[in-house]
file start_7.pdb (PDB, C-alpha atoms)
ATOM      1  CA  MET A   1      27.947 -47.321 -27.011
ATOM      2  CA  ALA A   2      29.204 -43.785 -26.454
ATOM      3  CA  LEU A   3      27.414 -41.292 -24.239
ATOM      4  CA  ILE A   4      25.275 -38.916 -26.289
ATOM      5  CA  ALA A   5      24.968 -35.217 -25.583
ATOM      6  CA  ASP A   6      21.474 -35.476 -24.077
ATOM      7  CA  ASP A   7      22.762 -37.868 -21.406
ATOM      8  CA  THR A   8      25.512 -35.538 -20.250
ATOM      9  CA  ILE A   9      24.861 -34.054 -16.844
ATOM     10  CA  ALA A  10      24.576 -30.278 -17.224
ATOM     11  CA  PHE A  11      26.660 -28.178 -14.890
ATOM     12  CA  GLY A  12      27.357 -24.509 -14.261
ATOM     13  CA  GLU A  13      23.809 -23.189 -14.185
ATOM     14  CA  GLU A  14      23.656 -23.485 -10.405
ATOM     15  CA  ASP A  15      26.118 -20.627  -9.902
ATOM     16  CA  LEU A  16      26.178 -17.749 -12.380
ATOM     17  CA  ARG A  17      27.826 -15.099 -10.251
ATOM     18  CA  ALA A  18      30.584 -13.209 -12.048
ATOM     19  CA  GLY A  19      32.477 -12.227  -8.948
ATOM     20  CA  GLY A  20      32.277  -9.769  -6.083
ATOM     21  CA  PRO A  21      33.201  -6.086  -6.043
ATOM     22  CA  ASN A  22      36.734  -4.923  -6.798
ATOM     23  CA  GLY A  23      37.683  -8.239  -8.404
ATOM     24  CA  ALA A  24      36.894 -10.275  -5.276
ATOM     25  CA  LEU A  25      36.915 -14.050  -5.522
ATOM     26  CA  THR A  26      33.579 -15.606  -6.408
ATOM     27  CA  HIS A  27      34.283 -18.781  -4.414
ATOM     28  CA  PRO A  28      36.818 -17.871  -1.701
ATOM     29  CA  TYR A  29      36.396 -21.076   0.308
ATOM     30  CA  VAL A  30      36.599 -23.271  -2.779
ATOM     31  CA  THR A  31      39.762 -21.432  -3.819
ATOM     32  CA  LEU A  32      41.189 -21.918  -0.334
ATOM     33  CA  PHE A  33      40.647 -25.672  -0.465
ATOM     34  CA  HIS A  34      42.005 -25.850  -4.027
ATOM     35  CA  VAL A  35      45.310 -24.406  -2.883
ATOM     36  CA  GLY A  36      45.223 -25.648   0.703
ATOM     37  CA  PHE A  37      45.191 -29.415   0.278
ATOM     38  CA  ARG A  38      48.046 -29.566  -2.232
ATOM     39  CA  THR A  39      50.082 -27.031  -0.277
ATOM     40  CA  ALA A  40      49.507 -29.013   2.919
ATOM     41  CA  ALA A  41      50.696 -32.197   1.189
ATOM     42  CA  ILE A  42      53.899 -30.501   0.018
ATOM     43  CA  VAL A  43      54.564 -28.965   3.435
ATOM     44  CA  ALA A  44      53.888 -32.308   5.134
ATOM     45  CA  TYR A  45      56.376 -34.014   2.818
ATOM     46  CA  MET A  46      59.038 -31.423   3.560
ATOM     47  CA  LEU A  47      58.568 -31.261   7.336
ATOM     48  CA  CYS A  48      57.285 -34.707   8.283
ATOM     49  CA  GLY A  49      60.742 -35.786   9.448
ATOM     50  CA  TRP A  50      60.732 -33.035  12.051
ATOM     51  CA  PHE A  51      57.560 -34.234  13.761
ATOM     52  CA  SER A  52      57.654 -38.007  13.362
ATOM     53  CA  ASP A  53      60.262 -40.686  12.762
ATOM     54  CA  SER A  54      57.628 -43.123  11.521
ATOM     55  CA  PHE A  55      57.543 -43.451   7.749
ATOM     56  CA  ILE A  56      54.113 -45.116   7.922
ATOM     57  CA  THR A  57      52.613 -42.129   9.737
ATOM     58  CA  SER A  58      54.125 -39.678   7.264
ATOM     59  CA  PHE A  59      53.056 -41.837   4.308
ATOM     60  CA  VAL A  60      49.445 -42.080   5.452
ATOM     61  CA  THR A  61      49.253 -38.352   6.221
ATOM     62  CA  ILE A  62      50.629 -37.268   2.856
ATOM     63  CA  VAL A  63      48.569 -39.753   0.827
ATOM     64  CA  LEU A  64      45.432 -38.713   2.729
ATOM     65  CA  LEU A  65      46.066 -35.047   1.868
ATOM     66  CA  LEU A  66      46.789 -35.955  -1.754
ATOM     67  CA  SER A  67      43.581 -37.984  -1.983
ATOM     68  CA  MET A  68      41.489 -35.147  -0.566
ATOM     69  CA  ASP A  69      43.152 -32.765  -2.999
ATOM     70  CA  PHE A  70      42.500 -35.068  -5.957
ATOM     71  CA  TRP A  71      38.820 -35.508  -5.109
ATOM     72  CA  THR A  72      38.290 -31.801  -4.392
ATOM     73  CA  VAL A  73      39.986 -30.595  -7.578
ATOM     74  CA  LYS A  74      38.337 -33.195  -9.808
ATOM     75  CA  ASN A  75      34.790 -32.844  -8.512
ATOM     76  CA  ILE A  76      34.458 -29.322  -7.087
ATOM     77  CA  THR A  77      37.105 -26.693  -7.790
ATOM     78  CA  GLY A  78      37.460 -27.339 -11.517
ATOM     79  CA  ARG A  79      33.715 -27.064 -12.048
ATOM     80  CA  LEU A  80      33.239 -23.911  -9.978
ATOM     81  CA  MET A  81      36.487 -22.028 -10.634
ATOM     82  CA  VAL A  82      37.029 -22.603 -14.368
ATOM     83  CA  GLY A  83      33.858 -24.298 -15.617
ATOM     84  CA  LEU A  84      35.557 -27.559 -16.558
ATOM     85  CA  ARG A  85      34.821 -31.161 -15.642
ATOM     86  CA  TRP A  86      36.183 -34.560 -16.566
ATOM     87  CA  TRP A  87      34.777 -37.924 -15.594
ATOM     88  CA  ASN A  88      34.450 -41.541 -16.607
ATOM     89  CA  TYR A  89      31.584 -43.940 -17.186
ATOM     90  CA  VAL A  90      31.143 -47.532 -18.317
ATOM     91  CA  ASP A  91      28.504 -48.275 -20.958
ATOM     92  CA  ASP A  92      26.222 -51.284 -21.197
ATOM     93  CA  ASP A  93      28.870 -53.202 -23.145
ATOM     94  CA  GLY A  94      31.396 -52.774 -20.340
ATOM     95  CA  LYS A  95      33.511 -50.296 -22.274
ATOM     96  CA  SER A  96      35.034 -47.392 -20.363
ATOM     97  CA  HIS A  97      34.612 -43.863 -21.721
ATOM     98  CA  TRP A  98      36.321 -40.652 -20.637
ATOM     99  CA  VAL A  99      34.320 -37.432 -20.906
ATOM    100  CA  TYR A 100      35.911 -33.954 -20.916
ATOM    101  CA  GLU A 101      33.433 -31.100 -20.581
ATOM    102  CA  SER A 102      33.585 -27.322 -20.692
ATOM    103  CA  ARG A 103      30.906 -24.717 -20.102
ATOM    104  CA  LYS A 104      29.685 -23.071 -23.264
ATOM    105  CA  GLY A 105      28.464 -19.641 -24.251
ATOM    106  CA  LEU A 106      27.678 -16.918 -21.747
ATOM    107  CA  ILE A 107      28.125 -19.191 -18.751
ATOM    108  CA  GLN A 108      31.807 -19.776 -19.570
ATOM    109  CA  GLY A 109      32.279 -16.004 -19.882
ATOM    110  CA  ARG A 110      31.260 -15.566 -16.254
ATOM    111  CA  ILE A 111      34.393 -17.282 -14.940
ATOM    112  CA  ASN A 112      36.266 -15.152 -12.412
ATOM    113  CA  GLU A 113      39.684 -14.374 -13.935
ATOM    114  CA  ARG A 114      41.475 -14.257 -10.584
ATOM    115  CA  GLU A 115      40.111 -17.647  -9.632
ATOM    116  CA  SER A 116      41.038 -19.028 -13.042
ATOM    117  CA  LYS A 117      44.646 -17.846 -12.661
ATOM    118  CA  ILE A 118      44.862 -19.307  -9.170
ATOM    119  CA  PHE A 119      43.392 -22.588 -10.384
ATOM    120  CA  TRP A 120      45.808 -23.075 -13.286
ATOM    121  CA  THR A 121      48.838 -21.804 -11.349
ATOM    122  CA  ALA A 122      48.282 -24.283  -8.526
ATOM    123  CA  LEU A 123      47.395 -27.068 -10.964
ATOM    124  CA  ILE A 124      50.643 -26.639 -12.935
ATOM    125  CA  LEU A 125      53.086 -25.704 -10.179
ATOM    126  CA  SER A 126      52.228 -28.614  -7.915
ATOM    127  CA  PRO A 127      53.413 -31.388 -10.310
ATOM    128  CA  LEU A 128      56.575 -29.361 -10.976
ATOM    129  CA  VAL A 129      57.349 -29.240  -7.261
ATOM    130  CA  TRP A 130      56.730 -32.963  -6.900
ATOM    131  CA  GLY A 131      58.917 -33.548  -9.938
ATOM    132  CA  LEU A 132      61.732 -31.722  -8.138
ATOM    133  CA  PHE A 133      61.138 -33.891  -5.074
ATOM    134  CA  PHE A 134      61.358 -36.961  -7.301
ATOM    135  CA  LEU A 135      64.795 -35.941  -8.577
ATOM    136  CA  ILE A 136      66.000 -35.271  -5.038
ATOM    137  CA  ALA A 137      64.730 -38.659  -3.839
ATOM    138  CA  LEU A 138      66.183 -40.397  -6.906
ATOM    139  CA  PHE A 139      69.695 -39.003  -6.570
ATOM    140  CA  GLY A 140      69.531 -39.412  -2.792
ATOM    141  CA  LEU A 141      68.511 -43.076  -3.226
ATOM    142  CA  LYS A 142      65.528 -42.569  -0.933
ATOM    143  CA  LEU A 143      63.422 -45.343  -2.381
ATOM    144  CA  LYS A 144      60.680 -45.164   0.249
ATOM    145  CA  TRP A 145      60.068 -41.492  -0.414
ATOM    146  CA  MET A 146      60.131 -42.066  -4.158
ATOM    147  CA  LEU A 147      56.966 -44.123  -3.690
ATOM    148  CA  VAL A 148      55.243 -41.160  -2.033
ATOM    149  CA  VAL A 149      56.391 -38.822  -4.789
ATOM    150  CA  LEU A 150      55.216 -41.192  -7.533
ATOM    151  CA  ILE A 151      51.758 -41.356  -5.947
ATOM    152  CA  SER A 152      51.623 -37.569  -5.791
ATOM    153  CA  LEU A 153      52.748 -37.219  -9.408
ATOM    154  CA  THR A 154      50.098 -39.706 -10.502
ATOM    155  CA  LEU A 155      47.239 -37.928  -8.720
ATOM    156  CA  ASN A 156      48.354 -34.403  -9.609
ATOM    157  CA  GLY A 157      49.194 -35.424 -13.165
ATOM    158  CA  ALA A 158      45.776 -37.028 -13.664
ATOM    159  CA  ASN A 159      43.976 -33.800 -12.780
ATOM    160  CA  LEU A 160      46.357 -31.715 -14.877
ATOM    161  CA  HIS A 161      45.900 -33.966 -17.910
ATOM    162  CA  GLY A 162      42.143 -34.101 -17.462
ATOM    163  CA  TYR A 163      41.673 -30.346 -17.248
ATOM    164  CA  ILE A 164      44.007 -29.657 -20.151
ATOM    165  CA  ARG A 165      41.898 -32.037 -22.233
ATOM    166  CA  CYS A 166      38.795 -30.161 -21.061
ATOM    167  CA  LYS A 167      40.396 -26.855 -22.020
ATOM    168  CA  VAL A 168      41.630 -27.812 -25.485
ATOM    169  CA  GLY A 169      38.915 -30.343 -26.311
ATOM    170  CA  ASN A 170      39.004 -34.126 -26.376
ATOM    171  CA  LYS A 171      38.823 -34.731 -30.113
ATOM    172  CA  ASP A 172      42.483 -34.022 -30.843
ATOM    173  CA  SER A 173      45.578 -35.206 -29.083
ATOM    174  CA  LEU A 174      47.539 -32.778 -26.946
ATOM    175  CA  GLY A 175      50.421 -32.892 -29.393
ATOM    176  CA  THR A 176      48.148 -31.920 -32.268
ATOM    177  CA  VAL A 177      46.589 -29.091 -30.282
ATOM    178  CA  THR A 178      49.990 -27.754 -29.241
ATOM    179  CA  SER A 179      51.276 -27.902 -32.815
ATOM    180  CA  ASP A 180      48.189 -26.130 -34.141
ATOM    181  CA  PHE A 181      48.494 -23.462 -31.460
ATOM    182  CA  LEU A 182      52.136 -22.764 -32.323
ATOM    183  CA  LYS A 183      51.321 -22.595 -36.043
ATOM    184  CA  LYS A 184      48.508 -20.183 -35.317
ATOM    185  CA  GLN A 185      50.787 -17.956 -33.232
ATOM    186  CA  VAL A 186      53.494 -17.898 -35.917
ATOM    187  CA  MET A 187      50.958 -17.085 -38.623
ATOM    188  CA  GLN A 188      49.414 -14.340 -36.515
ATOM    189  CA  ASN A 189      52.816 -12.775 -35.856
ATOM    190  CA  ALA A 190      53.651 -12.887 -39.573
ATOM    191  CA  ILE A 191      50.352 -11.204 -40.465
ATOM    192  CA  ASN A 192      50.957  -8.515 -37.847
ATOM    193  CA  ILE A 193      54.386  -7.766 -39.321
ATOM    194  CA  VAL A 194      53.022  -7.535 -42.866
ATOM    195  CA  THR A 195      50.015  -5.415 -41.946
ATOM    196  CA  ARG A 196      51.869  -3.130 -39.539
ATOM    197  CA  PRO A 197      51.286   0.583 -40.372
ATOM    198  CA  SER A 198      54.076   2.155 -42.397
ATOM    199  CA  ASN A 199      54.296   5.287 -40.288
ATOM    200  CA  ALA A 200      56.700   4.277 -37.560
ATOM    201  CA  PRO A 201      56.452   5.751 -34.044
ATOM    202  CA  PRO A 202      58.488   8.896 -33.387
ATOM    203  CA  ALA A 203      62.123   8.227 -32.754
ATOM    204  CA  ASN A 204      63.636   8.671 -29.332
ATOM    205  CA  PRO A 205      65.483  12.030 -29.279
ATOM    206  CA  LEU A 206      68.152  10.495 -27.065
ATOM    207  CA  SER A 207      68.948   7.713 -29.536
ATOM    208  CA  PRO A 208      71.983   8.233 -31.831
ATOM    209  CA  PRO A 209      71.248   9.354 -35.415
ATOM    210  CA  THR A 210      71.274   6.750 -38.141
ATOM    211  CA  ASN A 211      72.831   7.135 -41.569
ATOM    212  CA  THR A 212      70.411   7.321 -44.483
ATOM    213  CA  VAL A 213      71.488   6.100 -47.901
TER
END

call {"tool": "encode", "arguments": {"input": "start_7.pdb", "output": "structure tokens"}}
result
Amino acid sequence: MALIADDTIAFGEEDLRAGGPNGALTHPYVTLFHVGFRTAAIVAYMLCGWFSDSFITSFVTIVLLLSMDFWTVKNITGRLMVGLRWWNYVDDDGKSHWVYESRKGLIQGRINERESKIFWTALILSPLVWGLFFLIALFGLKLKWMLVVLISLTLNGANLHGYIRCKVGNKDSLGTVTSDFLKKQVMQNAINIVTRPSNAPPANPLSPPTNTV
């Protein structure tokens, strides 16, 4: 039995601030933790060999940072910074359901744009960096470190996938949404070309003259 709308836990009403003066961050500490944990995990992976020769110590440290980042991004920063939330529940029949939610109406319009950019930039760049680390570990035949990188890709990729589904909606597949978006952009560009005003902007006096037939 699927979860109905009335059972969904409402979120977003507890914080309706639109941001501080001069474009200040609405949630500076939340933003700090959103970037801090994943940055700390990457830095620890890069520099752990300088401070410890024990792979177990480095492994535990990095995985601990990745776990804190995963929990923070999934449960706190996504909800406060961009008004999105994804979660899972099991119904009475034992069937697992994934729920992807987004704030609606005026509440969604109160999202701080700077925080939103920081959120999505960190969310997308982090898996790309770990993907680069995976290639380095693969070609360097560092099998132990590949395990660390695979864990990081799994945790970072789960949050990225979840929030993309929240952003685009969970009724269509990501491939369908991407295709529809590209079609919409092409159609919009075509309409803009057709409906462009006939009076062209004044020519640059420094540009060479063109021949008119």

call {"tool": "axis_aligned_box", "arguments": {"input": "start_7.pdb", "around": "stretch 31-37 of chain A", "padding_each_side": "5 Å", "output": "lines of an AutoDock Vina configuration file"}}
result
center_x = 42.5
center_y = -25.4
center_z = -1.7
size_x = 15.5
size_y = 18.0
size_z = 14.7

call {"tool": "closest_residue", "arguments": {"input": "start_7.pdb", "among": "A:Phe51, A:Trp130, A:Tyr100, A:Tyr29", "to": "A:Met81", "atoms": "all atoms listed in the file"}}
result
A:Tyr29

call {"tool": "atom_distance", "arguments": {"input": "start_7.pdb", "atom1": "atom CA of A:Lys117", "atom2": "atom CA of A:Arg79"}}
result
14.3 Å

call {"tool": "closest_residue", "arguments": {"input": "start_7.pdb", "among": "A:Val73, A:Val63, A:Ile164, A:Leu84", "to": "A:Ala122", "atoms": "all atoms listed in the file"}}
result
A:Val73

call {"tool": "resolve_selection", "arguments": {"input": "start_7.pdb", "expression": "the PyMOL selection byres ((chain A and resi 152) around 9)", "output": "mmCIF file with C-alpha atoms, keeping the file's coordinate frame"}}
result
data_model
loop_
_atom_site.group_PDB
_atom_site.id
_atom_site.type_symbol
_atom_site.label_atom_id
_atom_site.label_comp_id
_atom_site.auth_asym_id
_atom_site.auth_seq_id
_atom_site.Cartn_x
_atom_site.Cartn_y
_atom_site.Cartn_z
ATOM 1 C CA ALA A 41 50.696 -32.197 1.189
ATOM 2 C CA ILE A 62 50.629 -37.268 2.856
ATOM 3 C CA VAL A 63 48.569 -39.753 0.827
ATOM 4 C CA LEU A 66 46.789 -35.955 -1.754
ATOM 5 C CA SER A 67 43.581 -37.984 -1.983
ATOM 6 C CA PRO A 127 53.413 -31.388 -10.310
ATOM 7 C CA TRP A 130 56.730 -32.963 -6.900
ATOM 8 C CA LEU A 147 56.966 -44.123 -3.690
ATOM 9 C CA VAL A 148 55.243 -41.160 -2.033
ATOM 10 C CA VAL A 149 56.391 -38.822 -4.789
ATOM 11 C CA LEU A 150 55.216 -41.192 -7.533
ATOM 12 C CA ILE A 151 51.758 -41.356 -5.947
ATOM 13 C CA LEU A 153 52.748 -37.219 -9.408
ATOM 14 C CA THR A 154 50.098 -39.706 -10.502
ATOM 15 C CA LEU A 155 47.239 -37.928 -8.720
ATOM 16 C CA ASN A 156 48.354 -34.403 -9.609
ATOM 17 C CA GLY A 157 49.194 -35.424 -13.165
#

call {"tool": "atom_distance", "arguments": {"input": "start_7.pdb", "atom1": "atom CA of A:Ile124", "atom2": "atom CA of A:Asn159"}}
result
9.8 Å

call {"tool": "closest_residue", "arguments": {"input": "start_7.pdb", "among": "A:Thr77, A:Ser102, A:Lys144, A:Leu138", "to": "A:Phe55", "atoms": "all atoms listed in the file"}}
result
A:Lys144

call {"tool": "residues_near_point", "arguments": {"input": "start_7.pdb", "point": "(41.7, -25.6, -6.5)", "cutoff": "9 Å", "atoms": "all atoms listed in the file", "output": "JSON, numbers by chain"}}
result
{"A": [30, 31, 32, 33, 34, 35, 36, 37, 38, 69, 72, 73, 74, 76, 77, 78, 81, 115, 118, 119, 120, 122, 123]}

call {"tool": "atom_distance", "arguments": {"input": "start_7.pdb", "atom1": "atom CA of A:Thr39", "atom2": "atom CA of A:Phe139"}}
result
23.8 Å

call {"tool": "residues_near_point", "arguments": {"input": "start_7.pdb", "point": "(56.5, -36.4, 7.0)", "cutoff": "10 Å", "atoms": "all atoms listed in the file", "output": "PyMOL selection string"}}
result
chain A and resi 41-62+145
